[in-house]
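**Student:** Here you go, structure28.cif (mmCIF, C-alpha atoms):
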```
data_final
loop_
_atom_site.label_atom_id
_atom_site.label_comp_id
_atom_site.auth_asym_id
_atom_site.auth_seq_id
_atom_site.Cartn_x
_atom_site.Cartn_y
_atom_site.Cartn_z
CA MET A 476 21.56 -84.08 6.82
CA ALA A 477 22.33 -87.69 5.95
CA ALA A 478 26.02 -87.32 6.81
CA LYS A 479 25.11 -86.86 10.47
CA SER A 480 23.89 -90.46 10.77
CA PRO A 481 26.28 -92.62 12.85
CA GLN A 482 26.30 -95.33 10.17
CA ARG A 483 27.52 -92.88 7.55
CA GLN A 484 30.54 -91.62 9.50
CA PRO A 485 32.39 -94.30 11.45
CA VAL A 486 35.37 -93.21 13.56
CA VAL A 487 37.96 -94.57 11.17
CA GLY A 488 36.27 -93.06 8.14
CA GLY A 489 36.11 -89.65 9.83
CA ARG A 490 39.74 -89.86 10.82
CA ALA A 491 40.90 -90.47 7.29
CA ALA A 492 39.12 -87.35 6.02
CA VAL A 493 40.21 -84.87 8.72
CA SER A 494 43.59 -83.13 8.92
CA PRO A 495 44.98 -81.25 11.93
CA THR A 496 44.68 -78.11 9.80
CA ALA A 497 40.98 -78.75 9.23
CA VAL A 498 40.40 -79.21 12.98
CA ARG A 499 42.26 -75.95 13.70
CA GLU A 500 40.24 -74.14 11.00
CA ALA A 501 36.93 -75.36 12.41
CA ALA A 502 37.97 -74.38 15.95
CA LEU A 503 39.14 -70.94 14.76
CA THR A 504 35.82 -70.20 13.07
CA LEU A 505 33.65 -71.46 15.92
CA PHE A 506 35.69 -69.90 18.76
CA ALA A 507 35.67 -66.56 16.90
CA GLU A 508 31.92 -66.70 16.27
CA ARG A 509 30.67 -68.15 19.56
CA GLY A 510 33.56 -67.69 21.98
CA TYR A 511 35.62 -70.47 23.52
CA HIS A 512 33.14 -71.09 26.33
CA GLY A 513 30.21 -70.96 23.91
CA THR A 514 31.67 -73.64 21.62
CA ALA A 515 31.11 -77.35 22.30
CA LEU A 516 33.41 -80.03 20.87
CA SER A 517 30.30 -81.56 19.32
CA GLN A 518 29.94 -78.37 17.22
CA ILE A 519 33.54 -78.64 16.02
CA ALA A 520 32.93 -82.30 15.14
CA LYS A 521 29.73 -81.36 13.29
CA ALA A 522 31.56 -78.69 11.28
CA LEU A 523 34.06 -81.39 10.26
CA ASP A 524 31.24 -83.80 9.52
CA ILE A 525 32.58 -86.40 11.96
CA GLN A 526 31.35 -87.86 15.25
CA THR A 527 32.52 -86.17 18.44
CA PRO A 528 34.55 -89.20 19.66
CA SER A 529 36.47 -89.15 16.36
CA LEU A 530 37.67 -85.65 17.22
CA TYR A 531 39.90 -87.16 19.91
CA ASN A 532 41.94 -88.78 17.15
CA HIS A 533 43.01 -85.26 16.16
CA MET A 534 43.32 -83.29 19.42
CA ALA A 535 43.59 -83.87 23.16
CA SER A 536 41.00 -81.35 24.38
CA LYS A 537 39.18 -78.11 23.59
CA GLN A 538 41.68 -76.36 25.87
CA ASP A 539 44.54 -77.68 23.76
CA LEU A 540 42.95 -76.26 20.61
CA LEU A 541 42.70 -72.84 22.25
CA VAL A 542 46.26 -73.00 23.59
CA ALA A 543 47.59 -73.92 20.13
CA ILE A 544 45.74 -71.00 18.52
CA LEU A 545 46.91 -68.48 21.13
CA GLN A 546 50.52 -69.66 21.25
CA ASP A 547 50.80 -69.79 17.49
CA THR A 548 49.23 -66.34 17.05
CA THR A 549 51.35 -64.59 19.69
CA ASP A 550 54.52 -66.31 18.38
CA ARG A 551 53.74 -65.15 14.85
CA VAL A 552 53.07 -61.57 15.96
CA LEU A 553 56.51 -61.41 17.58
CA ALA A 554 58.21 -63.12 14.63
CA GLU A 555 56.51 -60.78 12.14
CA TYR A 556 57.61 -57.75 14.17
CA ASP A 557 61.22 -58.98 14.19
CA ALA A 558 61.11 -59.71 10.45
CA ALA A 559 59.59 -56.29 9.70
CA VAL A 560 62.26 -54.28 11.51
CA ASP A 561 65.20 -56.58 10.76
CA GLY A 562 67.98 -54.57 9.14
CA VAL A 563 65.93 -51.35 9.12
CA GLU A 564 67.99 -48.58 10.69
CA ASP A 565 65.71 -45.55 10.61
CA VAL A 566 63.37 -45.45 13.60
CA GLY A 567 60.53 -44.01 11.51
CA GLU A 568 60.85 -46.75 8.93
CA ARG A 569 60.96 -49.31 11.73
CA LEU A 570 57.73 -47.98 13.22
CA SER A 571 56.05 -47.82 9.82
CA ALA A 572 57.11 -51.39 8.95
CA ALA A 573 56.12 -52.82 12.36
CA THR A 574 52.72 -51.10 12.16
CA TYR A 575 52.18 -52.28 8.57
CA THR A 576 52.78 -55.92 9.50
CA TYR A 577 50.61 -55.75 12.63
CA ALA A 578 47.78 -54.04 10.73
CA LEU A 579 48.06 -56.53 7.87
CA ARG A 580 47.83 -59.45 10.31
CA HIS A 581 44.58 -58.08 11.74
CA ALA A 582 43.11 -57.50 8.28
CA THR A 583 43.99 -61.05 7.19
CA HIS A 584 43.53 -63.00 10.46
CA PRO A 585 40.41 -61.56 12.10
CA ARG A 586 39.40 -64.82 13.80
CA GLU A 587 42.72 -65.14 15.63
CA ALA A 588 42.51 -61.49 16.69
CA VAL A 589 39.02 -61.89 18.16
CA ILE A 590 40.06 -65.04 20.05
CA VAL A 591 43.30 -63.55 21.43
CA ASN A 592 41.49 -60.43 22.63
CA ARG A 593 38.47 -62.17 24.12
CA ASP A 594 39.41 -65.73 25.11
CA ALA A 595 42.98 -65.44 26.42
CA THR A 596 41.50 -65.39 29.94
CA ALA A 597 40.09 -68.88 29.29
CA ILE A 598 43.46 -70.62 29.05
CA ASP A 599 44.94 -72.30 32.08
CA GLU A 600 48.19 -71.44 33.81
CA PRO A 601 51.10 -71.59 33.24
CA VAL A 602 50.37 -71.14 29.51
CA ARG A 603 48.24 -68.04 30.11
CA ALA A 604 51.09 -66.20 31.81
CA ALA A 605 53.41 -67.12 28.93
CA VAL A 606 50.94 -65.85 26.32
CA TYR A 607 50.40 -62.62 28.27
CA ALA A 608 54.16 -62.14 28.57
CA LYS A 609 54.51 -62.40 24.77
CA ARG A 610 51.73 -59.84 24.24
CA ARG A 611 53.44 -57.48 26.70
CA LYS A 612 56.73 -58.02 24.89
CA HIS A 613 55.13 -56.87 21.63
CA ALA A 614 53.60 -53.77 23.24
CA ASP A 615 56.93 -53.05 24.97
CA ASP A 616 58.75 -53.33 21.63
CA PHE A 617 56.47 -50.64 20.19
CA ARG A 618 56.77 -48.42 23.24
CA GLU A 619 60.57 -48.68 23.28
CA LEU A 620 60.73 -47.99 19.54
CA ILE A 621 58.66 -44.83 20.00
CA GLN A 622 60.71 -43.79 23.04
CA LYS A 623 63.90 -44.24 21.02
CA GLY A 624 62.44 -42.04 18.28
CA VAL A 625 61.57 -39.38 20.84
CA GLU A 626 65.06 -39.47 22.39
CA SER A 627 66.69 -39.15 18.99
CA GLY A 628 64.52 -36.11 18.20
CA ARG A 629 62.90 -37.85 15.26
CA PHE A 630 59.52 -38.38 16.95
CA ASP A 631 57.52 -35.83 18.89
CA VAL A 632 55.06 -37.39 21.35
CA GLU A 633 54.23 -36.48 24.91
CA ASN A 634 53.86 -40.03 26.21
CA ALA A 635 55.31 -43.03 24.37
CA THR A 636 53.07 -45.48 26.24
CA VAL A 637 49.86 -43.69 25.23
CA ALA A 638 51.05 -43.34 21.62
CA ALA A 639 51.95 -47.06 21.51
CA PHE A 640 48.49 -48.05 22.78
CA ALA A 641 46.80 -45.80 20.22
CA ILE A 642 48.82 -47.26 17.33
CA LEU A 643 48.49 -50.89 18.42
CA GLU A 644 44.78 -50.66 19.15
CA MET A 645 43.86 -48.94 15.89
CA CYS A 646 45.55 -51.94 14.20
CA VAL A 647 43.79 -54.52 16.41
CA SER A 648 40.42 -52.96 15.60
CA ILE A 649 40.92 -53.59 11.87
CA ALA A 650 39.93 -57.20 12.63
CA ARG A 651 36.49 -55.91 13.64
CA TRP A 652 35.66 -53.54 10.82
CA PHE A 653 37.71 -54.55 7.76
CA ASP A 654 35.74 -56.14 4.93
CA PRO A 655 37.97 -58.25 2.64
CA ASP A 656 35.31 -57.88 -0.08
CA GLY A 657 35.25 -54.09 0.31
CA PRO A 658 36.82 -51.45 -1.94
CA VAL A 659 40.17 -51.18 -0.11
CA SER A 660 42.65 -54.10 0.02
CA ALA A 661 44.21 -55.44 3.23
CA GLU A 662 47.63 -54.25 2.04
CA GLU A 663 46.31 -50.75 1.36
CA ILE A 664 44.64 -50.58 4.80
CA ALA A 665 47.94 -51.73 6.37
CA ARG A 666 49.93 -49.15 4.40
CA GLN A 667 47.62 -46.33 5.50
CA HIS A 668 47.93 -47.44 9.13
CA GLY A 669 51.72 -47.42 8.81
CA GLU A 670 51.35 -43.82 7.68
CA PHE A 671 48.93 -43.03 10.55
CA ALA A 672 51.52 -44.38 13.01
CA LEU A 673 54.17 -42.02 11.65
CA ARG A 674 51.76 -39.13 11.87
CA ILE A 675 50.77 -40.00 15.45
CA VAL A 676 54.42 -39.82 16.50
CA GLY A 677 54.83 -36.55 14.65
CA VAL A 678 56.57 -37.67 11.45
CA ARG A 679 54.85 -36.51 8.29
CA SER A 680 56.67 -39.02 6.08
CA ALA A 681 56.46 -38.28 2.39
CA LEU A 682 53.32 -36.16 2.71
CA SER A 683 52.76 -32.55 1.85
CA ALA A 684 54.45 -29.70 3.68
CA CYS A 685 53.07 -28.86 7.10
CA SER A 686 52.48 -25.22 6.38
CA ASP A 687 49.04 -26.12 4.95
CA GLY A 688 47.90 -27.83 8.11
CA ALA A 689 49.39 -25.81 10.95
CA SER A 690 46.70 -24.05 12.94
CA MET B 94 26.39 -64.41 53.95
CA ALA B 95 23.41 -64.06 56.26
CA ALA B 96 21.70 -61.56 53.96
CA LYS B 97 21.13 -64.32 51.41
CA SER B 98 18.62 -66.10 53.66
CA PRO B 99 15.03 -65.71 52.36
CA GLN B 100 13.81 -64.65 55.81
CA ARG B 101 16.27 -61.76 55.91
CA GLN B 102 15.27 -60.22 52.58
CA PRO B 103 11.52 -60.32 51.89
CA VAL B 104 10.32 -58.89 48.59
CA VAL B 105 9.02 -55.68 50.11
CA GLY B 106 12.15 -55.12 52.18
CA GLY B 107 14.36 -55.59 49.11
CA ARG B 108 12.25 -53.18 47.13
CA ALA B 109 12.62 -50.40 49.67
CA ALA B 110 16.44 -50.58 49.55
CA VAL B 111 16.96 -50.75 45.78
CA SER B 112 16.84 -47.82 43.34
CA PRO B 113 16.59 -48.05 39.55
CA THR B 114 20.10 -46.58 39.46
CA ALA B 115 21.40 -49.38 41.68
CA VAL B 116 19.82 -52.03 39.42
CA ARG B 117 21.37 -50.36 36.35
CA GLU B 118 24.77 -50.21 38.10
CA ALA B 119 24.68 -53.90 39.03
CA ALA B 120 23.63 -54.87 35.49
CA LEU B 121 26.37 -52.67 33.97
CA THR B 122 29.07 -54.31 36.09
CA LEU B 123 27.88 -57.87 35.54
CA PHE B 124 27.13 -57.55 31.82
CA ALA B 125 30.59 -55.97 31.30
CA GLU B 126 32.35 -58.69 33.30
CA ARG B 127 30.43 -61.77 32.19
CA GLY B 128 28.62 -60.73 29.05
CA TYR B 129 24.85 -60.37 28.67
CA HIS B 130 24.33 -64.05 27.92
CA GLY B 131 26.65 -65.05 30.76
CA THR B 132 24.75 -63.03 33.38
CA ALA B 133 21.72 -64.47 35.18
CA LEU B 134 19.11 -62.26 36.81
CA SER B 135 19.84 -64.17 40.02
CA GLN B 136 23.41 -62.75 39.90
CA ILE B 137 22.09 -59.20 39.54
CA ALA B 138 19.74 -59.82 42.47
CA LYS B 139 22.61 -61.22 44.52
CA ALA B 140 24.77 -58.16 43.79
CA LEU B 141 21.90 -56.01 45.08
CA ASP B 142 21.45 -58.29 48.07
CA ILE B 143 17.80 -59.00 47.22
CA GLN B 144 15.88 -62.09 46.10
CA THR B 145 15.48 -62.64 42.36
CA PRO B 146 11.66 -62.18 42.38
CA SER B 147 12.18 -58.76 44.02
CA LEU B 148 14.13 -57.69 40.99
CA TYR B 149 10.89 -57.63 39.00
CA ASN B 150 9.78 -54.70 41.13
CA HIS B 151 12.55 -52.70 39.46
CA MET B 152 12.71 -53.94 35.86
CA ALA B 153 10.67 -55.90 33.34
CA SER B 154 13.36 -58.26 32.05
CA LYS B 155 17.10 -58.76 31.52
CA GLN B 156 16.52 -57.71 27.90
CA ASP B 157 15.03 -54.42 29.07
CA LEU B 158 18.11 -53.71 31.20
CA LEU B 159 20.35 -54.28 28.18
CA VAL B 160 18.15 -52.16 25.92
CA ALA B 161 18.19 -49.28 28.43
CA ILE B 162 22.00 -49.41 28.69
CA LEU B 163 22.51 -49.51 24.92
CA GLN B 164 19.93 -46.84 24.10
CA ASP B 165 21.18 -44.52 26.80
CA THR B 166 24.83 -44.99 25.79
CA THR B 167 24.30 -44.46 22.07
CA ASP B 168 22.06 -41.44 22.74
CA ARG B 169 24.69 -39.91 24.98
CA VAL B 170 27.46 -40.49 22.43
CA LEU B 171 25.47 -38.58 19.79
CA ALA B 172 24.51 -35.82 22.25
CA GLU B 173 28.12 -35.43 23.41
CA TYR B 174 29.32 -35.18 19.80
CA ASP B 175 26.76 -32.46 19.06
CA ALA B 176 27.68 -30.56 22.24
CA ALA B 177 31.41 -30.84 21.46
CA VAL B 178 31.18 -29.37 17.95
CA ASP B 179 28.34 -26.92 18.65
CA GLY B 180 29.41 -23.43 17.62
CA VAL B 181 32.91 -24.57 16.63
CA GLU B 182 33.67 -23.34 13.12
CA ASP B 183 37.14 -24.67 12.36
CA VAL B 184 37.04 -28.23 11.05
CA GLY B 185 40.26 -29.14 12.86
CA GLU B 186 38.91 -27.86 16.16
CA ARG B 187 35.68 -29.75 15.52
CA LEU B 188 37.57 -33.00 14.97
CA SER B 189 39.75 -32.44 18.00
CA ALA B 190 36.75 -31.66 20.24
CA ALA B 191 34.68 -34.59 18.93
CA THR B 192 37.61 -36.97 19.45
CA TYR B 193 38.29 -35.59 22.93
CA THR B 194 34.72 -36.20 24.06
CA TYR B 195 34.56 -39.69 22.53
CA ALA B 196 37.91 -40.66 24.07
CA LEU B 197 36.89 -39.22 27.45
CA ARG B 198 33.65 -41.24 27.39
CA HIS B 199 35.62 -44.46 26.86
CA ALA B 200 38.08 -43.63 29.63
CA THR B 201 35.26 -42.87 32.07
CA HIS B 202 32.59 -45.39 30.96
CA PRO B 203 34.48 -48.60 30.17
CA ARG B 204 31.60 -50.91 31.15
CA GLU B 205 29.18 -49.29 28.70
CA ALA B 206 31.81 -49.46 25.95
CA VAL B 207 32.42 -53.18 26.47
CA ILE B 208 28.69 -53.91 26.44
CA VAL B 209 27.94 -51.81 23.35
CA ASN B 210 30.78 -53.44 21.44
CA ARG B 211 30.10 -57.01 22.48
CA ASP B 212 26.43 -57.39 23.39
CA ALA B 213 24.60 -55.17 20.88
CA THR B 214 23.90 -58.32 18.85
CA ALA B 215 21.94 -59.69 21.84
CA ILE B 216 19.15 -57.10 21.69
CA ASP B 217 15.96 -57.88 19.84
CA GLU B 218 14.58 -56.06 16.84
CA PRO B 219 13.42 -53.40 16.21
CA VAL B 220 15.56 -51.82 18.94
CA ARG B 221 18.76 -53.38 17.60
CA ALA B 222 18.35 -51.72 14.21
CA ALA B 223 17.72 -48.37 15.92
CA VAL B 224 20.85 -48.71 18.09
CA TYR B 225 22.94 -49.71 15.06
CA ALA B 226 21.58 -46.74 13.11
CA LYS B 227 22.72 -44.38 15.88
CA ARG B 228 26.19 -45.94 15.93
CA ARG B 229 26.41 -45.55 12.14
CA LYS B 230 25.26 -41.93 12.48
CA HIS B 231 28.17 -41.22 14.84
CA ALA B 232 30.70 -42.89 12.52
CA ASP B 233 29.18 -41.03 9.55
CA ASP B 234 29.48 -37.72 11.43
CA PHE B 235 33.22 -38.35 11.87
CA ARG B 236 33.70 -39.47 8.28
CA GLU B 237 31.83 -36.44 6.91
CA LEU B 238 33.78 -34.11 9.17
CA ILE B 239 37.06 -35.54 7.87
CA GLN B 240 35.82 -35.41 4.28
CA LYS B 241 34.89 -31.75 4.75
CA GLY B 242 38.38 -31.05 6.08
CA VAL B 243 39.90 -32.78 3.05
CA GLU B 244 37.72 -30.83 0.62
CA SER B 245 38.62 -27.54 2.27
CA GLY B 246 42.32 -28.39 1.98
CA ARG B 247 42.77 -28.33 5.75
CA PHE B 248 43.13 -32.12 6.16
CA ASP B 249 45.31 -34.42 4.09
CA VAL B 250 44.12 -38.05 4.14
CA GLU B 251 43.82 -40.59 1.36
CA ASN B 252 40.59 -42.17 2.56
CA ALA B 253 38.25 -40.43 5.01
CA THR B 254 36.49 -43.70 5.90
CA VAL B 255 39.72 -45.45 6.90
CA ALA B 256 40.90 -42.40 8.86
CA ALA B 257 37.55 -42.20 10.66
CA PHE B 258 37.73 -45.88 11.67
CA ALA B 259 41.30 -45.46 12.92
CA ILE B 260 40.37 -42.44 15.06
CA LEU B 261 37.13 -43.89 16.43
CA GLU B 262 38.64 -47.28 17.22
CA MET B 263 41.70 -45.92 18.99
CA CYS B 264 39.22 -44.07 21.24
CA VAL B 265 37.01 -47.15 21.77
CA SER B 266 40.04 -49.20 22.81
CA ILE B 267 40.79 -46.80 25.69
CA ALA B 268 37.99 -48.60 27.55
CA ARG B 269 40.10 -51.78 27.45
CA TRP B 270 43.51 -50.46 28.51
CA PHE B 271 43.00 -47.25 30.49
CA ASP B 272 43.69 -47.52 34.21
CA PRO B 273 41.91 -44.76 36.20
CA ASP B 274 44.42 -45.34 39.00
CA GLY B 275 47.38 -45.00 36.62
CA PRO B 276 49.72 -42.04 36.16
CA VAL B 277 47.77 -40.31 33.35
CA SER B 278 44.29 -38.83 33.93
CA ALA B 279 41.26 -39.57 31.73
CA GLU B 280 41.22 -35.94 30.58
CA GLU B 281 44.90 -36.07 29.63
CA ILE B 282 44.41 -39.32 27.68
CA ALA B 283 41.44 -37.70 25.91
CA ARG B 284 43.47 -34.57 25.10
CA GLN B 285 46.31 -36.62 23.62
CA HIS B 286 43.84 -38.58 21.49
CA GLY B 287 42.35 -35.32 20.21
CA GLU B 288 45.88 -34.40 19.16
CA PHE B 289 46.43 -37.86 17.57
CA ALA B 290 43.25 -37.36 15.52
CA LEU B 291 44.57 -34.05 14.16
CA ARG B 292 47.87 -35.70 13.32
CA ILE B 293 46.17 -38.64 11.58
CA VAL B 294 44.33 -36.24 9.28
CA GLY B 295 47.54 -34.34 8.62
CA VAL B 296 47.16 -31.31 10.90
CA ARG B 297 50.09 -30.77 13.20
CA SER B 298 48.17 -28.46 15.51
CA ALA B 299 50.38 -26.49 17.82
CA LEU B 300 53.32 -28.87 17.55
CA SER B 301 56.82 -28.29 16.32
CA ALA B 302 57.66 -27.58 12.70
CA CYS B 303 57.57 -30.54 10.33
CA SER B 304 61.05 -30.04 8.95
CA ASP B 305 62.43 -32.18 11.80
CA GLY B 306 60.24 -35.12 10.95
CA ALA B 307 60.10 -35.27 7.15
CA SER B 308 61.86 -38.34 5.84
#
```
Take the structure in the file and write it out as structure tokens.
**Tutor:**
Amino acid sequence: MAAKSPQRQPVVGGRAAVSPTAVREAALTLFAERGYHGTALSQIAKALDIQTPSLYNHMASKQDLLVAILQDTTDRVLAEYDAAVDGVEDVGERLSAATYTYALRHATHPREAVIVNRDATAIDEPVRAAVYAKRRKHADDFRELIQKGVESGRFDVENATVAAFAILEMCVSIARWFDPDGPVSAEEIARQHGEFALRIVGVRSALSACSDGAS
Amino acid sequence: MAAKSPQRQPVVGGRAAVSPTAVREAALTLFAERGYHGTALSQIAKALDIQTPSLYNHMASKQDLLVAILQDTTDRVLAEYDAAVDGVEDVGERLSAATYTYALRHATHPREAVIVNRDATAIDEPVRAAVYAKRRKHADDFRELIQKGVESGRFDVENATVAAFAILEMCVSIARWFDPDGPVSAEEIARQHGEFALRIVGVRSALSACSDGAS
């Protein structure tokens, strides 16, 4: 590839062509594919078609790229949860909306999901503890929502913690199996998972009467 | 550690102390913790307290260890499914039993689950294709079971493939979050997931009437 020759891509020329967004995109793709530890800065530079030293015009370190991805992703997950349940009174509708948005994120942001679930251990303290605390906050929000539904008599589950794990993890796994070019859209997958969440907690939503299914 | 000295652990001495099961156990733990690519044979030898050359008395290669783990795990998953549904007529009971056994496997064999889900890409052909075919067979068994329940009017799901993924993946994820020293036993987690599976497909099993939960 001619573009790889040092003469072709001087530092200044590379800098002009590369945006912070492009650096983040290249890091996202490579971290997701090869893992944080398996990705060299030289590979990120190559993906951007610049020399490795030029990369330092756009970021401080590989660690900083990972931290930015993890902080941004966990912040967005919490913000999306808050936006989904904001102003929604009914606990069932809250659970359905929170599950929809979490499922949709995993269908549309699979790279971030893979990195958060595999490479969070690779970030240094104190950022790691902060990222973990945000992930716990999100899981706690779900658990408390389910517990509230149980206490109000609207939900029927034996253990809110187990139900919360089941709902959250079936959403997380969408990032592994969902095919954006497949027959079912991301929004439709998310909607069905919102329905699954209601069913898991014992709400049959707008579906058919239970007399058909009772054993 | 004195045992690491070459004089202490000659090849023959190491051989006498190490069983194939012990080699498999050490590989399982290290592959699960560090990944297949991140584990050196010298680390497996060290865990067994033998010299690396001694290891070749017990296995042909690191690849062979991985192949044995993946083949054994996928074979057992299929055998456990068959045993769970054998002689069970009712499609709901079949789904519940198949989910119970798959969930229980992930609660009790977390190392195997991590390796199958992360390192299957590291095995060479033609074994990789055979392992993948077995995994697809298991997913197909679930999908066809759900489809059969839908066709018989016993289950109520919009898309059997999506429901099968949701059920299978919530079971797989147990390997990541379940704590064997926690307050809920593996069998109880598995039982609750069997119940979640029935709920996801629209069967309320032995639970309370749906009039409470309908929105």
**Student:** Given the PyMOL selection byres ((chain B and resi 220) around 12) and the file above, list the residues it selects as a ChimeraX atom specification.
**Tutor:** /B:156-157,159-164,167,213-219,221-227
**Student:** Identify which of the residues A:Ser571, A:Val676, A:Ile590, A:Ala582 lies closest to A:Ala559, counting only C-alpha atoms when measuring atom-to-atom distances.
**Tutor:**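 Among the listed residues, A:Ser571 lies closest to A:Ala559.
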**Student:** Apply the PyMOL selection byres ((chain A and resi 550-555) around 12) to the structure shown and report the selected residues as an NGL selection string.
**Tutor:** :A and (542-549 or 556-561 or 572-581 or 584 or 587-588 or 591 or 605-617 or 643 or 647)
**Student:** Using the chain letters and numbers from the file, which residues does the PyMOL selection byres ((chain A and resi 664) around 9) grab, as number ranges by chain?
**Tutor:** A: 575, 578-579, 582, 649, 653, 659-663, 665-669; B: 255
**Student:** Report, in Å to a single decimal, how far apart atom CA of A:Gly657 and atom CA of A:Glu500 are.
**Tutor:**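 Pair atom CA of A:Glu500 / atom CA of A:Gly657 returns 23.3 Å.
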**Student:** Go through A:Ile675, A:Val632, A:Ala641, A:Val589 and flag the residue nearest A:Glu508, using only C-alpha atoms for the distances.
**Tutor:**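 Between A:Ile675, A:Val632, A:Ala641, A:Val589, the residue approaching A:Glu508 most closely is A:Val589.
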**Student:** Looking at A:Asp524, A:Asp594, A:Glu619, A:Glu564, which one is nearest to A:Ala638, with distances taken over only C-alpha atoms?
**Tutor:**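 Closest to A:Ala638, using only C-alpha atoms: A:Glu619.
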**Student:** From the options A:Cys646, A:Thr583, A:Lys537, A:Trp652, which residue's atoms come nearest to A:His512, counting all atoms listed in the file?
**Tutor:**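 Using all atoms listed in the file, A:His512 sits closest to A:Lys537.
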**Student:** Could you pull the residues within 8 Å of A:Val566, counting all atoms listed in the file, minus those fewer than 5 positions along the same chain, as a ChimeraX atom specification?
**Tutor:** /A:620-621,623-624,629
**Student:** Looking at B:Leu121, B:Phe289, B:Ile137, B:Pro273, which one is nearest to A:Ile642, with distances taken over all atoms listed in the file?
**Tutor:**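 Using all atoms listed in the file, A:Ile642 sits closest to B:Phe289.
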**Student:** To one decimal place, how far is atom CA of B:Phe258 from atom CA of B:Arg292 in Å?
**Tutor:** 14.5 Å
**Student:** So, with only C-alpha atoms as the atoms that count, which of A:Pro585, A:Gly513, A:Pro528, A:Pro495 lies closest to chain B?
**Tutor:**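 For chain B, the nearest of the candidates is A:Gly513.
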**Student:** To one decimal place, how far is atom CA of B:Arg117 from atom CA of B:Ser266 in Å?
**Tutor:**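 Answer for the atom CA of B:Arg117 to atom CA of B:Ser266 separation: 23.1 Å.
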